[in-house]
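> Structure provided below as C-alpha cells; questions to follow.
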Amino acid sequence: ETGVTQTPRHLVMGMTNKKSLKCEQHLGHNAMYWYKQSAKKPLELMFVYSLEERVENNSVPSRFSPECPNSSHLFLHLHTLQPEDSALYLCASSQENTGELFFGEGSRLTVL
Amino acid sequence: DQQVKQNSPSLSVQEGRISILNCDYTNSMFDYFLWYKKYPAEGPTFLISISSIKDKNEDGRFTVFLNKSAKHLSLHIVPSQPGDSAVYFCAASGNSGGSNYKLTFGKGTLLTVNP
C-alpha cells in the first residue's frame with residue numbers, strides 16, 4: 001500500500017464505548033496529524049506528532065487520546081464521546097519543513 | 001474568528017470556461033498558502049501552493065494568485081473540466097510551510113463543472 005491509510009473508514013459507537021482510529025503512512029514522513037472535519041466547518045487541527053513526539057494539542061477534550069508508537073503509525077483513542085463528536089476524522093502526514101500534507105481518506109465517526 | 005475565509009460555499013461553471021475560487025485571510029503573519037482538493041469519500045489532496053515572496057504560481061491548468069495588500073488569494077482553473085468538480089480548500093501557514101502543522105483551513109468551496 002502507498003500513501004496514508006486510515007481504518008476503519010466508518011465507525012458507529014455509543015457514548016459509553018471505547019474505540020480507536022488507526023492511521024498508517026507509507027511515505028517515510030516524520031510528522032503526523034489528526035484533523036477533524038465537521039459539517040460546514042473548516043478542517044480543525046487536533047494533534048500533531050513530530051518525530052513521534054506530540055508537539056501540538058489544540059485544546060482537544062481528554063476523551064480524545066492520541067498515540068504515536070512510531071513515525072509510521074498514529075492512533076486516536078476514543079472514549080465516552082458525545083454526539084457532537086460525530087465528524088470525519090482525517091489523518092495526515094508530512095515531511096517537516098515542507099508545506100504539503102498528505103491526507104488519508106478519513107474515518108467517518110457517528111456517536112449515538 | 002475565522003482567519004481563512006472562503007466566502008463562496010459553491011461555484012458552478014461550464015466545461016471549458018475558467019473557474020475562479022477565492023480566499024481571504026486576516027492574519028498578516030501568514031506567508032505560505034496552499035490549495036487542497038477533496039473528492040467525496042476521499043481525503044484532501046494537495047494541489048498548488050504559493051509563498052508570499054511571489055504573487056503568482058502556475059502548474060498546468062492551475063494558477064494561484066496572491067495579493068498580499070488585500071490579503072486575498074485566488075485559484076484559477078482554465079479550462080475547467082468535469083473531473084475538477086470537487087471541494088477546494090484554501091489553507092495558510094505562518095512559517096513558509098516549515099511549521100506546517102499550523103495550517104489554518106477555510107471551509108471550502110464546492111466547484112461543479114458542467115459538461
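In the C-alpha cells, each chain is lettered A, B, ... as it comes, each chain's residues begin at 1, and ligands are numbered from 1 in order of appearance.
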Tell me, as a list in words, which residues lie within 10 Å of Ser59 of chain A, counting only C-alpha atoms; anything in the same chain fewer than 6 positions away does not count.
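Answer for this query is Leu45, Met46 and Phe47 of chain A.
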> Define the interface residues of chain B facing chain A as those within 12 Å, counting only C-alpha atoms, and report them as an mmCIF file with N, CA and C atoms, in the first residue's frame.

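Contents of the output file part_24.cif:
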```cif
data_model
loop_
_atom_site.group_PDB
_atom_site.id
_atom_site.type_symbol
_atom_site.label_atom_id
_atom_site.label_comp_id
_atom_site.auth_asym_id
_atom_site.auth_seq_id
_atom_site.Cartn_x
_atom_site.Cartn_y
_atom_site.Cartn_z
ATOM 1 N N ASP B 1 -12.919 33.264 15.634
ATOM 2 C CA ASP B 1 -12.845 34.131 14.463
ATOM 3 C C ASP B 1 -12.048 33.415 13.366
ATOM 4 N N GLN B 2 -12.668 33.312 12.191
ATOM 5 C CA GLN B 2 -12.017 32.592 11.107
ATOM 6 C C GLN B 2 -10.897 33.416 10.517
ATOM 7 N N GLN B 3 -9.719 32.850 10.435
ATOM 8 C CA GLN B 3 -8.589 33.550 9.864
ATOM 9 C C GLN B 3 -8.464 33.318 8.366
ATOM 10 N N VAL B 4 -9.073 32.262 7.880
ATOM 11 C CA VAL B 4 -9.058 31.965 6.448
ATOM 12 C C VAL B 4 -10.509 31.791 6.021
ATOM 13 N N LYS B 5 -10.919 32.614 5.077
ATOM 14 C CA LYS B 5 -12.332 32.621 4.702
ATOM 15 C C LYS B 5 -12.525 32.316 3.224
ATOM 16 N N GLN B 6 -13.404 31.392 2.962
ATOM 17 C CA GLN B 6 -13.833 31.134 1.598
ATOM 18 C C GLN B 6 -15.316 31.450 1.596
ATOM 19 N N ASN B 7 -15.646 32.607 1.094
ATOM 20 C CA ASN B 7 -16.994 33.123 1.261
ATOM 21 C C ASN B 7 -18.019 32.515 0.327
ATOM 22 N N PRO B 9 -19.633 29.213 -0.759
ATOM 23 C CA PRO B 9 -19.697 27.779 -0.457
ATOM 24 C C PRO B 9 -19.755 26.920 -1.707
ATOM 25 N N SER B 10 -20.201 27.511 -2.830
ATOM 26 C CA SER B 10 -20.290 26.720 -4.047
ATOM 27 C C SER B 10 -20.094 27.608 -5.272
ATOM 28 N N ASP B 31 2.386 33.464 5.562
ATOM 29 C CA ASP B 31 3.273 33.739 4.440
ATOM 30 C C ASP B 31 3.385 32.564 3.482
ATOM 31 N N TYR B 32 2.534 31.585 3.671
ATOM 32 C CA TYR B 32 2.569 30.421 2.783
ATOM 33 C C TYR B 32 1.145 29.927 2.647
ATOM 34 N N PHE B 33 0.735 29.718 1.398
ATOM 35 C CA PHE B 33 -0.668 29.423 1.130
ATOM 36 C C PHE B 33 -0.772 28.205 0.214
ATOM 37 N N LEU B 34 -1.776 27.400 0.491
ATOM 38 C CA LEU B 34 -1.931 26.162 -0.260
ATOM 39 C C LEU B 34 -3.383 25.993 -0.659
ATOM 40 N N TRP B 35 -3.597 25.267 -1.722
ATOM 41 C CA TRP B 35 -4.928 24.831 -2.117
ATOM 42 C C TRP B 35 -4.958 23.306 -2.099
ATOM 43 N N TYR B 36 -6.035 22.774 -1.519
ATOM 44 C CA TYR B 36 -6.271 21.343 -1.494
ATOM 45 C C TYR B 36 -7.596 21.074 -2.194
ATOM 46 N N LYS B 37 -7.671 19.901 -2.774
ATOM 47 C CA LYS B 37 -8.871 19.475 -3.486
ATOM 48 C C LYS B 37 -9.381 18.210 -2.820
ATOM 49 N N LYS B 38 -10.693 18.109 -2.666
ATOM 50 C CA LYS B 38 -11.251 16.933 -1.990
ATOM 51 C C LYS B 38 -12.446 16.394 -2.763
ATOM 52 N N TYR B 39 -12.334 15.126 -3.163
ATOM 53 C CA TYR B 39 -13.472 14.428 -3.738
ATOM 54 C C TYR B 39 -14.248 13.760 -2.609
ATOM 55 N N PRO B 40 -15.549 13.480 -2.838
ATOM 56 C CA PRO B 40 -16.331 12.769 -1.817
ATOM 57 C C PRO B 40 -15.672 11.447 -1.441
ATOM 58 N N ALA B 41 -15.715 11.106 -0.186
ATOM 59 C CA ALA B 41 -15.196 9.836 0.330
ATOM 60 C C ALA B 41 -13.677 9.704 0.169
ATOM 61 N N GLU B 42 -13.002 10.809 -0.083
ATOM 62 C CA GLU B 42 -11.546 10.780 -0.131
ATOM 63 C C GLU B 42 -10.990 11.884 0.746
ATOM 64 N N GLY B 43 -9.726 11.745 1.143
ATOM 65 C CA GLY B 43 -9.086 12.826 1.879
ATOM 66 C C GLY B 43 -8.668 13.940 0.941
ATOM 67 N N PRO B 44 -8.418 15.135 1.479
ATOM 68 C CA PRO B 44 -7.935 16.234 0.646
ATOM 69 C C PRO B 44 -6.583 15.900 0.024
ATOM 70 N N THR B 45 -6.351 16.374 -1.168
ATOM 71 C CA THR B 45 -5.057 16.197 -1.828
ATOM 72 C C THR B 45 -4.486 17.560 -2.188
ATOM 73 N N PHE B 46 -3.197 17.694 -2.010
ATOM 74 C CA PHE B 46 -2.514 18.942 -2.291
ATOM 75 C C PHE B 46 -2.600 19.264 -3.774
ATOM 76 N N LEU B 47 -2.846 20.542 -4.058
ATOM 77 C CA LEU B 47 -2.995 20.955 -5.443
ATOM 78 C C LEU B 47 -1.862 21.898 -5.860
ATOM 79 N N ILE B 48 -1.727 22.991 -5.160
ATOM 80 C CA ILE B 48 -0.752 24.004 -5.536
ATOM 81 C C ILE B 48 -0.511 24.911 -4.344
ATOM 82 N N SER B 49 0.661 25.519 -4.295
ATOM 83 C CA SER B 49 0.971 26.416 -3.184
ATOM 84 C C SER B 49 1.644 27.674 -3.703
ATOM 85 N N ILE B 50 1.736 28.670 -2.813
ATOM 86 C CA ILE B 50 2.436 29.895 -3.159
ATOM 87 C C ILE B 50 3.030 30.507 -1.907
ATOM 88 N N SER B 51 4.236 30.983 -2.031
ATOM 89 C CA SER B 51 4.889 31.678 -0.937
ATOM 90 C C SER B 51 4.636 33.174 -1.088
ATOM 91 N N VAL B 87 -14.520 19.694 -3.795
ATOM 92 C CA VAL B 87 -14.434 20.787 -2.817
ATOM 93 C C VAL B 87 -12.983 21.260 -2.778
ATOM 94 N N TYR B 88 -12.800 22.565 -2.846
ATOM 95 C CA TYR B 88 -11.462 23.146 -2.824
ATOM 96 C C TYR B 88 -11.269 23.909 -1.513
ATOM 97 N N PHE B 89 -10.207 23.540 -0.808
ATOM 98 C CA PHE B 89 -9.883 24.180 0.464
ATOM 99 C C PHE B 89 -8.665 25.081 0.291
ATOM 100 N N CYS B 90 -8.765 26.255 0.815
ATOM 101 C CA CYS B 90 -7.646 27.174 0.924
ATOM 102 C C CYS B 90 -7.040 26.982 2.317
ATOM 103 N N ALA B 91 -5.705 27.029 2.401
ATOM 104 C CA ALA B 91 -5.039 26.880 3.699
ATOM 105 C C ALA B 91 -3.862 27.841 3.767
ATOM 106 N N ALA B 92 -3.507 28.221 4.981
ATOM 107 C CA ALA B 92 -2.421 29.181 5.166
ATOM 108 C C ALA B 92 -1.597 28.811 6.378
ATOM 109 N N SER B 93 -0.301 29.156 6.315
ATOM 110 C CA SER B 93 0.558 28.963 7.480
ATOM 111 C C SER B 93 1.480 30.159 7.629
ATOM 112 N N GLY B 94 2.148 30.228 8.795
ATOM 113 C CA GLY B 94 2.905 31.432 9.114
ATOM 114 C C GLY B 94 4.397 31.266 9.148
ATOM 115 N N ASN B 95 4.901 30.149 8.551
ATOM 116 C CA ASN B 95 6.351 29.966 8.619
ATOM 117 C C ASN B 95 6.873 29.370 7.342
ATOM 118 N N SER B 96 6.379 29.864 6.212
ATOM 119 C CA SER B 96 6.791 29.384 4.894
ATOM 120 C C SER B 96 6.695 27.870 4.779
ATOM 121 N N GLY B 97 5.699 27.308 5.478
ATOM 122 C CA GLY B 97 5.495 25.875 5.388
ATOM 123 C C GLY B 97 6.323 25.083 6.363
ATOM 124 N N GLY B 98 7.318 25.714 6.995
ATOM 125 C CA GLY B 98 8.162 24.969 7.923
ATOM 126 C C GLY B 98 7.395 24.477 9.124
ATOM 127 N N SER B 99 6.491 25.289 9.612
ATOM 128 C CA SER B 99 5.630 24.856 10.721
ATOM 129 C C SER B 99 4.278 24.496 10.143
ATOM 130 N N ASN B 100 4.299 23.545 9.236
ATOM 131 C CA ASN B 100 3.057 23.307 8.507
ATOM 132 C C ASN B 100 1.975 22.742 9.387
ATOM 133 N N TYR B 101 2.309 22.293 10.599
ATOM 134 C CA TYR B 101 1.244 21.838 11.460
ATOM 135 C C TYR B 101 0.350 22.979 11.879
ATOM 136 N N LYS B 102 0.741 24.208 11.568
ATOM 137 C CA LYS B 102 -0.091 25.343 11.894
ATOM 138 C C LYS B 102 -0.972 25.759 10.724
ATOM 139 N N LEU B 103 -1.170 24.859 9.776
ATOM 140 C CA LEU B 103 -2.049 25.180 8.664
ATOM 141 C C LEU B 103 -3.440 25.516 9.172
ATOM 142 N N THR B 104 -3.963 26.621 8.690
ATOM 143 C CA THR B 104 -5.328 27.032 9.002
ATOM 144 C C THR B 104 -6.123 26.919 7.721
ATOM 145 N N PHE B 105 -7.227 26.200 7.787
ATOM 146 C CA PHE B 105 -8.017 25.921 6.598
ATOM 147 C C PHE B 105 -9.263 26.792 6.535
ATOM 148 N N GLY B 106 -9.707 27.056 5.308
ATOM 149 C CA GLY B 106 -11.020 27.640 5.094
ATOM 150 C C GLY B 106 -12.079 26.542 5.093
ATOM 151 N N LYS B 107 -13.337 26.946 4.938
ATOM 152 C CA LYS B 107 -14.438 25.977 4.989
ATOM 153 C C LYS B 107 -14.590 25.205 3.679
ATOM 154 N N GLY B 108 -13.977 25.701 2.621
ATOM 155 C CA GLY B 108 -14.065 25.009 1.349
ATOM 156 C C GLY B 108 -15.116 25.597 0.421
ATOM 157 N N THR B 109 -14.895 25.417 -0.882
ATOM 158 C CA THR B 109 -15.849 25.815 -1.920
ATOM 159 C C THR B 109 -16.095 24.612 -2.803
ATOM 160 N N LEU B 110 -17.360 24.270 -2.965
ATOM 161 C CA LEU B 110 -17.721 23.154 -3.841
ATOM 162 C C LEU B 110 -17.798 23.654 -5.283
#
```
> As number ranges by chain, list the residues of chain A assigned to strand (DSSP E or B) by DSSP on the backbone atoms of this structure.
A: 4-7, 10-13, 18-25, 31-37, 44-50, 53-57, 64-70, 73-79, 87-94, 102-103, 107-111
> Would you mind exporting C-alpha atoms of the selected residues as a compact mmCIF listing (two decimals), in the first residue's frame?

```txt
# COMPACT_ATOMS: atom_id res chain seq x y z
CA VAL A 4 -1.81 7.35 4.09
CA THR A 5 -4.36 4.72 5.08
CA GLN A 6 -6.98 5.01 7.78
CA THR A 7 -9.10 2.34 9.42
CA HIS A 10 -16.79 4.16 9.12
CA LEU A 11 -17.46 3.76 12.82
CA VAL A 12 -20.68 3.95 14.81
CA MET A 13 -20.33 3.94 18.56
CA LYS A 18 -14.20 2.78 23.71
CA LYS A 19 -12.83 2.58 20.21
CA SER A 20 -9.70 3.56 18.29
CA LEU A 21 -8.96 5.04 14.90
CA LYS A 22 -5.79 3.92 13.18
CA CYS A 23 -3.60 5.69 10.67
CA GLU A 24 -0.58 4.38 8.82
CA GLN A 25 1.67 6.27 6.45
CA ALA A 31 5.23 14.25 11.13
CA MET A 32 1.64 13.03 11.56
CA TYR A 33 -1.59 14.85 12.31
CA TRP A 34 -5.19 14.35 13.30
CA TYR A 35 -7.76 16.74 11.86
CA LYS A 36 -11.49 16.91 12.48
CA GLN A 37 -13.93 17.94 9.78
CA GLU A 44 -9.72 21.69 12.63
CA LEU A 45 -6.27 20.61 13.72
CA MET A 46 -6.42 18.30 16.74
CA PHE A 47 -2.96 16.85 17.32
CA VAL A 48 0.47 16.93 15.74
CA TYR A 49 3.28 14.46 16.25
CA SER A 50 6.74 15.30 15.04
CA GLU A 53 6.71 13.49 19.97
CA ARG A 54 3.45 15.37 20.42
CA VAL A 55 4.11 18.96 19.52
CA GLU A 56 0.59 20.27 19.32
CA ASN A 57 -2.59 19.63 21.24
CA PHE A 64 -9.75 12.01 22.57
CA SER A 65 -6.37 10.44 23.29
CA PRO A 66 -3.70 10.19 20.58
CA GLU A 67 -0.87 7.70 20.44
CA CYS A 68 2.10 7.62 18.10
CA PRO A 69 4.13 4.44 18.69
CA ASN A 70 6.46 5.11 15.73
CA HIS A 73 1.58 4.85 12.89
CA LEU A 74 -0.86 7.13 14.63
CA PHE A 75 -3.88 6.22 16.72
CA LEU A 76 -6.78 8.20 18.10
CA HIS A 77 -8.34 6.51 21.11
CA LEU A 78 -11.95 7.44 21.75
CA HIS A 79 -13.91 7.04 24.97
CA ALA A 87 -17.46 14.03 12.25
CA LEU A 88 -14.92 12.96 9.66
CA TYR A 89 -11.53 12.41 11.28
CA LEU A 90 -8.64 12.87 8.90
CA CYS A 91 -5.10 11.71 9.42
CA ALA A 92 -2.27 13.39 7.53
CA SER A 93 1.49 13.14 7.30
CA SER A 94 4.25 15.37 6.06
CA PHE A 102 -0.78 14.09 2.60
CA PHE A 103 -4.20 13.09 3.89
CA SER A 107 -12.77 7.83 9.28
CA ARG A 108 -16.43 8.81 9.42
CA LEU A 109 -17.46 8.63 13.09
CA THR A 110 -21.05 8.62 14.29
CA VAL A 111 -21.72 8.81 18.02
```
> Please provide as a PDB file with N, CA, C and O atoms, in the first residue's frame all residues within 10 Å of Lys56 of chain B, with the sequence filter that same-chain residues fewer than 4 positions apart are discarded (counting only C-alpha atoms).

```pdb
ATOM      1  N   SER B  49       0.661  25.519  -4.295  1.00  0.00           N
ATOM      2  CA  SER B  49       0.971  26.416  -3.184  1.00  0.00           C
ATOM      3  C   SER B  49       1.644  27.674  -3.703  1.00  0.00           C
ATOM      4  O   SER B  49       2.071  27.748  -4.863  1.00  0.00           O
ATOM      5  N   ILE B  50       1.736  28.670  -2.813  1.00  0.00           N
ATOM      6  CA  ILE B  50       2.436  29.895  -3.159  1.00  0.00           C
ATOM      7  C   ILE B  50       3.030  30.507  -1.907  1.00  0.00           C
ATOM      8  O   ILE B  50       2.392  30.512  -0.843  1.00  0.00           O
ATOM      9  N   SER B  51       4.236  30.983  -2.031  1.00  0.00           N
ATOM     10  CA  SER B  51       4.889  31.678  -0.937  1.00  0.00           C
ATOM     11  C   SER B  51       4.636  33.174  -1.088  1.00  0.00           C
ATOM     12  O   SER B  51       4.423  33.658  -2.197  1.00  0.00           O
ATOM     13  N   SER B  52       4.698  33.881   0.028  1.00  0.00           N
ATOM     14  CA  SER B  52       4.386  35.312  -0.011  1.00  0.00           C
ATOM     15  C   SER B  52       5.420  36.138  -0.778  1.00  0.00           C
ATOM     16  O   SER B  52       5.200  37.313  -1.044  1.00  0.00           O
ATOM     17  N   THR B  63      -3.550  27.993 -11.617  1.00  0.00           N
ATOM     18  CA  THR B  63      -2.726  29.148 -11.279  1.00  0.00           C
ATOM     19  C   THR B  63      -3.252  29.749  -9.991  1.00  0.00           C
ATOM     20  O   THR B  63      -4.466  29.945  -9.843  1.00  0.00           O
ATOM     21  N   VAL B  64      -2.351  30.021  -9.078  1.00  0.00           N
ATOM     22  CA  VAL B  64      -2.745  30.702  -7.840  1.00  0.00           C
ATOM     23  C   VAL B  64      -2.146  32.096  -7.860  1.00  0.00           C
ATOM     24  O   VAL B  64      -0.985  32.292  -8.211  1.00  0.00           O
ATOM     25  N   PHE B  65      -2.985  33.069  -7.527  1.00  0.00           N
ATOM     26  CA  PHE B  65      -2.572  34.463  -7.452  1.00  0.00           C
ATOM     27  C   PHE B  65      -2.664  34.924  -6.005  1.00  0.00           C
ATOM     28  O   PHE B  65      -3.622  34.595  -5.297  1.00  0.00           O
ATOM     29  N   LEU B  66      -1.674  35.694  -5.591  1.00  0.00           N
ATOM     30  CA  LEU B  66      -1.662  36.216  -4.226  1.00  0.00           C
ATOM     31  C   LEU B  66      -1.563  37.733  -4.253  1.00  0.00           C
ATOM     32  O   LEU B  66      -0.674  38.292  -4.878  1.00  0.00           O
ATOM     33  N   ASN B  67      -2.486  38.362  -3.558  1.00  0.00           N
ATOM     34  CA  ASN B  67      -2.468  39.817  -3.391  1.00  0.00           C
ATOM     35  C   ASN B  67      -2.295  40.098  -1.905  1.00  0.00           C
ATOM     36  O   ASN B  67      -3.259  40.067  -1.137  1.00  0.00           O
ATOM     37  N   LEU B  73      -6.204  35.596  -1.950  1.00  0.00           N
ATOM     38  CA  LEU B  73      -5.633  34.746  -2.986  1.00  0.00           C
ATOM     39  C   LEU B  73      -6.761  34.082  -3.758  1.00  0.00           C
ATOM     40  O   LEU B  73      -7.902  33.989  -3.289  1.00  0.00           O
ATOM     41  N   SER B  74      -6.416  33.688  -4.968  1.00  0.00           N
ATOM     42  CA  SER B  74      -7.410  33.046  -5.812  1.00  0.00           C
ATOM     43  C   SER B  74      -6.765  31.903  -6.577  1.00  0.00           C
ATOM     44  O   SER B  74      -5.554  31.917  -6.853  1.00  0.00           O
ATOM     45  N   LEU B  75      -7.589  30.939  -6.883  1.00  0.00           N
ATOM     46  CA  LEU B  75      -7.166  29.787  -7.686  1.00  0.00           C
ATOM     47  C   LEU B  75      -7.935  29.845  -8.996  1.00  0.00           C
ATOM     48  O   LEU B  75      -9.170  29.901  -8.988  1.00  0.00           O
TER      49      LEU B  75
END
```
> Write out as a ChimeraX atom specification the residues lying within 10 Å of Gly16 of chain B, counting only C-alpha atoms and excluding same-chain residues fewer than 2 positions away.
/B:13-14,18-19,77-82,113-115
> Which is closest to Arg63 of chain A among A:Gly14, A:Gly3, A:Pro8, A:Asp85, if we use only C-alpha atoms?
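Ranking A:Gly14, A:Gly3, A:Pro8, A:Asp85 by distance to Arg63 of chain A, first place goes to A:Asp85.
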> From the set B:Phe62, B:Leu11, B:Asp55, B:Lys68, which residue has the shortest atom-to-atom contact distance to Thr26 of chain B, counting only C-alpha atoms?
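So, comparing all the options, the nearest one is B:Lys68.
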> As an NGL selection string, which residues of chain B does DSSP assign to helix (DSSP H, G or I)?
:B and (82-84 or 100-102)
